[in-house]
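File shown: start16.txt. Contents: compact mmCIF, C-alpha atoms.
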```txt
# COMPACT_ATOMS: atom_id res chain seq x y z
CA MET A 1 24.54 -3.94 -18.00
CA ASP A 2 23.02 -6.27 -20.59
CA ALA A 3 19.52 -5.95 -22.03
CA SER A 4 18.02 -8.64 -19.79
CA THR A 5 19.25 -6.86 -16.66
CA ALA A 6 18.15 -3.44 -17.92
CA ASN A 7 14.63 -4.78 -18.55
CA GLU A 8 14.37 -6.48 -15.17
CA TRP A 9 11.22 -5.50 -13.33
CA LEU A 10 11.31 -4.65 -9.63
CA ASN A 11 8.45 -4.51 -7.17
CA LEU A 12 7.92 -1.46 -4.96
CA SER A 13 9.94 -2.75 -2.01
CA ASP A 14 12.93 -3.86 -4.08
CA ALA A 15 13.00 -0.62 -6.07
CA ALA A 16 12.77 1.45 -2.88
CA ALA A 17 15.60 -0.55 -1.32
CA LEU A 18 17.74 0.10 -4.39
CA LEU A 19 17.13 3.83 -4.02
CA GLY A 20 17.53 3.82 -0.24
CA VAL A 21 14.11 5.25 0.49
CA HIS A 22 10.97 4.04 2.23
CA PRO A 23 8.47 2.36 -0.15
CA SER A 24 5.89 5.05 0.59
CA THR A 25 8.38 7.68 -0.57
CA LEU A 26 8.86 5.91 -3.89
CA ARG A 27 5.10 5.46 -4.18
CA ALA A 28 4.64 9.22 -3.82
CA TRP A 29 7.29 9.93 -6.47
CA ALA A 30 5.64 7.50 -8.86
CA ASP A 31 2.18 8.96 -8.24
CA ARG A 32 3.55 12.42 -9.04
CA GLY A 33 5.10 11.10 -12.24
CA ASP A 34 8.63 11.81 -11.07
CA ILE A 35 9.76 8.28 -11.81
CA PRO A 36 8.29 5.82 -14.37
CA ALA A 37 6.13 3.05 -12.96
CA HIS A 38 3.94 0.40 -14.53
CA ARG A 39 0.90 -1.41 -13.18
CA THR A 40 0.30 -5.14 -13.26
CA PRO A 41 -3.21 -6.45 -13.97
CA GLY A 42 -3.52 -6.70 -10.18
CA LYS A 43 -2.73 -2.95 -9.90
CA HIS A 44 0.70 -3.51 -8.29
CA ARG A 45 3.48 -1.11 -9.20
CA ARG A 46 6.49 -2.41 -11.10
CA PHE A 47 9.65 -0.47 -11.90
CA ARG A 48 12.21 -1.14 -14.60
CA ARG A 49 15.67 -1.57 -13.05
CA ALA A 50 17.21 0.68 -15.71
CA ASP A 51 14.77 3.49 -14.80
CA ILE A 52 15.58 3.15 -11.12
CA GLU A 53 19.32 3.19 -11.72
CA THR A 54 19.01 6.22 -14.03
CA TRP A 55 16.95 8.04 -11.41
CA ALA A 56 19.50 7.20 -8.71
CA ALA A 57 22.36 8.46 -10.89
CA SER A 58 20.56 11.74 -11.61
CA ARG A 59 20.03 12.33 -7.90
CA ARG A 60 23.69 11.65 -7.17
CA GLU A 61 24.67 14.15 -9.83
CA ALA A 62 22.26 16.66 -8.27
CA HIS A 63 24.09 16.10 -4.96
CA ILE A 64 21.02 15.02 -3.01
CA SER A 65 22.25 14.96 0.57
CA PRO A 66 21.70 12.12 3.05
CA GLY A 67 19.76 14.64 5.13
CA GLN A 68 17.34 15.27 2.26
CA LEU A 69 16.83 11.53 1.80
CA ILE A 70 16.09 11.18 5.50
CA VAL A 71 13.52 13.98 5.40
CA GLU A 72 11.84 12.42 2.34
CA ASN A 73 11.72 9.09 4.14
CA VAL A 74 10.12 10.64 7.21
CA LEU A 75 7.45 12.33 5.11
CA GLY A 76 6.84 9.09 3.23
CA ARG A 77 6.46 7.11 6.43
CA THR A 78 4.05 9.68 7.84
CA ARG A 79 1.92 9.61 4.69
CA LEU A 80 1.86 5.83 4.86
CA GLN A 81 0.74 5.85 8.48
CA LEU A 82 -2.06 8.28 7.65
CA ALA A 83 -3.10 6.35 4.54
CA GLU A 84 -3.26 3.06 6.41
CA GLY A 85 -5.05 4.59 9.39
CA ARG A 86 -2.38 3.62 11.92
CA LEU A 87 -1.86 7.16 13.12
CA ALA A 88 -5.60 7.73 13.46
CA GLU A 89 -5.79 4.65 15.70
CA ALA A 90 -3.30 6.10 18.20
CA GLY A 91 -5.11 7.08 21.38
CA TRP A 92 -3.44 10.46 21.63
CA TYR A 93 -4.17 11.30 17.99
CA GLN A 94 -7.89 10.84 18.55
CA ARG A 95 -7.76 13.57 21.20
CA PHE A 96 -6.54 16.14 18.69
CA ASP A 97 -9.22 18.02 16.77
CA ASP A 98 -8.71 18.84 13.09
CA VAL A 99 -7.17 22.24 13.82
CA ARG A 100 -4.59 20.80 16.20
CA ARG A 101 -3.87 17.86 13.89
CA ARG A 102 -3.06 20.35 11.15
CA ALA A 103 -0.92 22.35 13.57
CA LEU A 104 0.90 19.15 14.56
CA ARG A 105 1.65 18.31 10.93
CA GLU A 106 2.89 21.86 10.28
CA THR A 107 5.12 21.63 13.36
CA GLY A 108 6.54 18.36 12.09
CA HIS A 109 7.27 19.89 8.69
CA SER A 110 8.95 22.89 10.32
CA GLN A 111 11.02 20.50 12.40
CA LEU A 112 12.16 18.61 9.30
CA ARG A 113 13.07 21.78 7.40
CA LEU A 114 15.05 23.07 10.36
CA LEU A 115 16.79 19.72 10.79
CA LEU A 116 17.72 19.57 7.11
CA GLY A 117 19.39 22.96 7.33
CA TYR A 118 21.18 21.94 10.51
CA LEU A 119 22.51 18.74 8.93
CA ALA A 120 23.62 20.56 5.78
CA ASP A 121 26.24 22.52 7.75
CA ASP A 122 28.20 20.39 10.19
CA GLN A 123 29.61 23.56 11.76
CA ALA A 124 26.21 25.10 12.45
CA ALA A 125 25.18 25.84 16.02
CA MET A 126 21.96 24.43 17.40
CA PRO A 127 19.12 26.49 15.83
CA ALA A 128 17.40 28.80 18.28
CA GLU A 129 14.04 27.74 16.81
CA VAL A 130 14.21 24.33 18.55
CA GLU A 131 12.96 25.99 21.73
CA SER A 132 9.86 27.23 19.91
CA LEU A 133 9.25 23.74 18.49
CA GLY A 134 9.38 22.22 21.96
CA GLN A 135 6.99 24.86 23.24
CA THR A 136 4.59 24.15 20.39
CA TYR A 137 4.56 20.41 21.08
CA GLU A 138 3.88 21.14 24.75
CA ARG A 139 1.09 23.60 23.99
CA LEU A 140 -0.66 21.31 21.52
CA GLY A 141 -0.50 18.41 23.96
CA ARG A 142 -1.77 20.50 26.85
CA GLU A 143 -4.64 21.94 24.78
CA ALA A 144 -5.61 18.38 23.81
CA GLY A 145 -5.72 17.41 27.48
CA LEU A 146 -2.63 15.21 27.40
CA SER A 147 -0.35 14.67 30.36
CA LEU A 148 3.34 15.49 30.10
CA ALA A 149 4.14 11.80 29.62
CA GLU A 150 1.56 11.53 26.82
CA THR A 151 2.86 14.67 25.12
CA VAL A 152 6.41 13.35 25.29
CA GLY A 153 5.06 10.14 23.75
CA VAL A 154 3.68 12.15 20.80
CA PHE A 155 7.10 13.68 20.20
CA LEU A 156 8.84 10.30 20.52
CA TYR A 157 6.40 8.80 18.00
CA PHE A 158 7.64 11.20 15.33
CA ARG A 159 11.24 10.99 16.51
CA ASP A 160 11.13 7.23 15.92
CA PHE A 161 10.04 7.90 12.34
CA LEU A 162 13.15 10.00 11.98
CA TYR A 163 15.49 7.34 13.33
CA ASP A 164 13.89 4.61 11.24
CA SER A 165 14.54 6.75 8.18
CA VAL A 166 18.17 7.27 9.20
CA ILE A 167 18.57 3.50 9.34
CA ASP A 168 16.92 3.07 5.90
CA VAL A 169 19.24 5.55 4.24
CA TYR A 170 22.32 4.29 6.06
CA GLN A 171 21.68 0.67 5.09
CA ALA A 172 21.07 1.64 1.47
CA SER A 173 24.41 3.46 1.42
CA GLY A 174 26.16 0.12 1.87
CA GLN A 175 27.53 1.44 5.17
CA ARG A 176 30.10 3.55 3.38
CA ALA A 177 31.58 6.50 5.26
CA ALA A 178 30.55 5.15 8.65
CA ARG A 179 32.26 8.05 10.40
CA GLU A 180 30.10 10.54 8.47
CA TRP A 181 26.94 8.67 9.42
CA ALA A 182 27.97 8.46 13.07
CA ALA A 183 28.54 12.22 13.12
CA MET A 184 25.14 12.84 11.54
CA HIS A 185 23.48 10.52 14.05
CA ARG A 186 25.01 12.52 16.90
CA ARG A 187 23.72 15.77 15.40
CA ILE A 188 20.22 14.34 14.96
CA ALA A 189 20.24 13.13 18.56
CA ALA A 190 21.39 16.54 19.78
CA PHE A 191 18.67 18.23 17.71
CA THR A 192 15.82 16.01 18.92
CA ASN A 193 17.05 16.10 22.52
CA ALA A 194 17.04 19.90 22.43
CA ILE A 195 13.40 19.91 21.31
CA LEU A 196 12.46 17.40 24.01
CA LEU A 197 14.18 19.42 26.74
CA ALA A 198 12.40 22.56 25.53
CA LEU A 199 9.09 20.67 25.67
CA VAL A 200 9.68 19.64 29.28
CA ALA A 201 10.89 23.12 30.25
CA ALA A 202 7.75 24.65 28.71
CA HIS A 203 5.59 22.29 30.74
CA GLU A 204 7.40 23.17 33.96
CA ALA A 205 7.03 26.88 33.23
CA GLU A 206 3.31 26.43 32.58
CA THR A 207 2.87 24.39 35.76
CA HIS A 208 4.57 27.00 37.95
CA SER A 209 3.05 30.05 36.30
```
Produce structure tokens that represent the structure in this file.
Amino acid sequence: MDASTANEWLNLSDAAALLGVHPSTLRAWADRGDIPAHRTPGKHRRFRRADIETWAASRREAHISPGQLIVENVLGRTRLQLAEGRLAEAGWYQRFDDVRRRALRETGHSQLRLLLGYLADDQAAMPAEVESLGQTYERLGREAGLSLAETVGVFLYFRDFLYDSVIDVYQASGQRAAREWAAMHRRIAAFTNAILLALVAAHEAETHS
């Protein structure tokens, strides 16, 4: 890599694409000081290509798993939605008070941690905790006065974040090891489907109790 290439400046989107993460994830890393970033007079972030490539190499050496990248992307997307007010504009979100919004975020984080552990071991059985996650989604929706369809919609909203992040990381990988990615996609689908089924089962149990 010659000096001109090493000194090439990248905007936020291009640098994030090079790393295979959502721009909001890279923004969070830069704000924490984890990766060098510079500001233009217009306050836009710029990243030196050499810094990005060094960061990417260090993460490869640290064996950062695709699952971890996916989780970081999901968290980045969620932070972006909150920062831009999109999540607050969702009709169902407005029906959650502050306590239940916090509980919803904590449930989402628990879901991501559990998923990461599940993806890390391709021989692992479905975690028993997925049933509790489904029950928590159902309870929070019911307490907020949502119908079953609306509560399912809440879960699907966050599930879509997850799948969007899978696509981001997969595309950034250059579509290498397609079989590995297909297997991971099946495990993610099995995981999210198990939570959804537990949510519906919890609603049926509540209805008939």
Exercise: Ser110 in chain A partners within 9 Å, only C-alpha atoms, chain neighbours under 5 positions left out, as a PyMOL selection string: chain A and resi 105+115+133
Closest of A:Ala124, A:Leu104, A:Val154, A:Ala50 to Ala90 in chain A - atom-to-atom distances counting all atoms listed in the file: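 When distances to Ala90 in chain A are compared using all atoms listed in the file, the smallest one comes from A:Val154.
A straight line drawn from CA of Glu143 in chain A to CA of Tyr163 in chain A is 27.4 Å long.
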Contacts of Ala194 in chain A within 10 Å, all atoms listed in the file, excl. fewer than 5 positions in-chain, as a PyMOL selection string: chain A and resi 126-128+130-131+133-134+188-189+199
Would you save the residues from that selection as a PDB file, in the frame of the given file, using C-alpha atoms?
```pdb
ATOM      1  CA  MET A 126      21.960  24.430  17.400  1.00  0.00           C
ATOM      2  CA  PRO A 127      19.120  26.490  15.830  1.00  0.00           C
ATOM      3  CA  ALA A 128      17.400  28.800  18.280  1.00  0.00           C
ATOM      4  CA  VAL A 130      14.210  24.330  18.550  1.00  0.00           C
ATOM      5  CA  GLU A 131      12.960  25.990  21.730  1.00  0.00           C
ATOM      6  CA  LEU A 133       9.250  23.740  18.490  1.00  0.00           C
ATOM      7  CA  GLY A 134       9.380  22.220  21.960  1.00  0.00           C
ATOM      8  CA  ILE A 188      20.220  14.340  14.960  1.00  0.00           C
ATOM      9  CA  ALA A 189      20.240  13.130  18.560  1.00  0.00           C
ATOM     10  CA  LEU A 199       9.090  20.670  25.670  1.00  0.00           C
TER      11      LEU A 199
END
```
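You will find CA of Phe155 in chain A at 17.8 Å from CA of Val99 in chain A.
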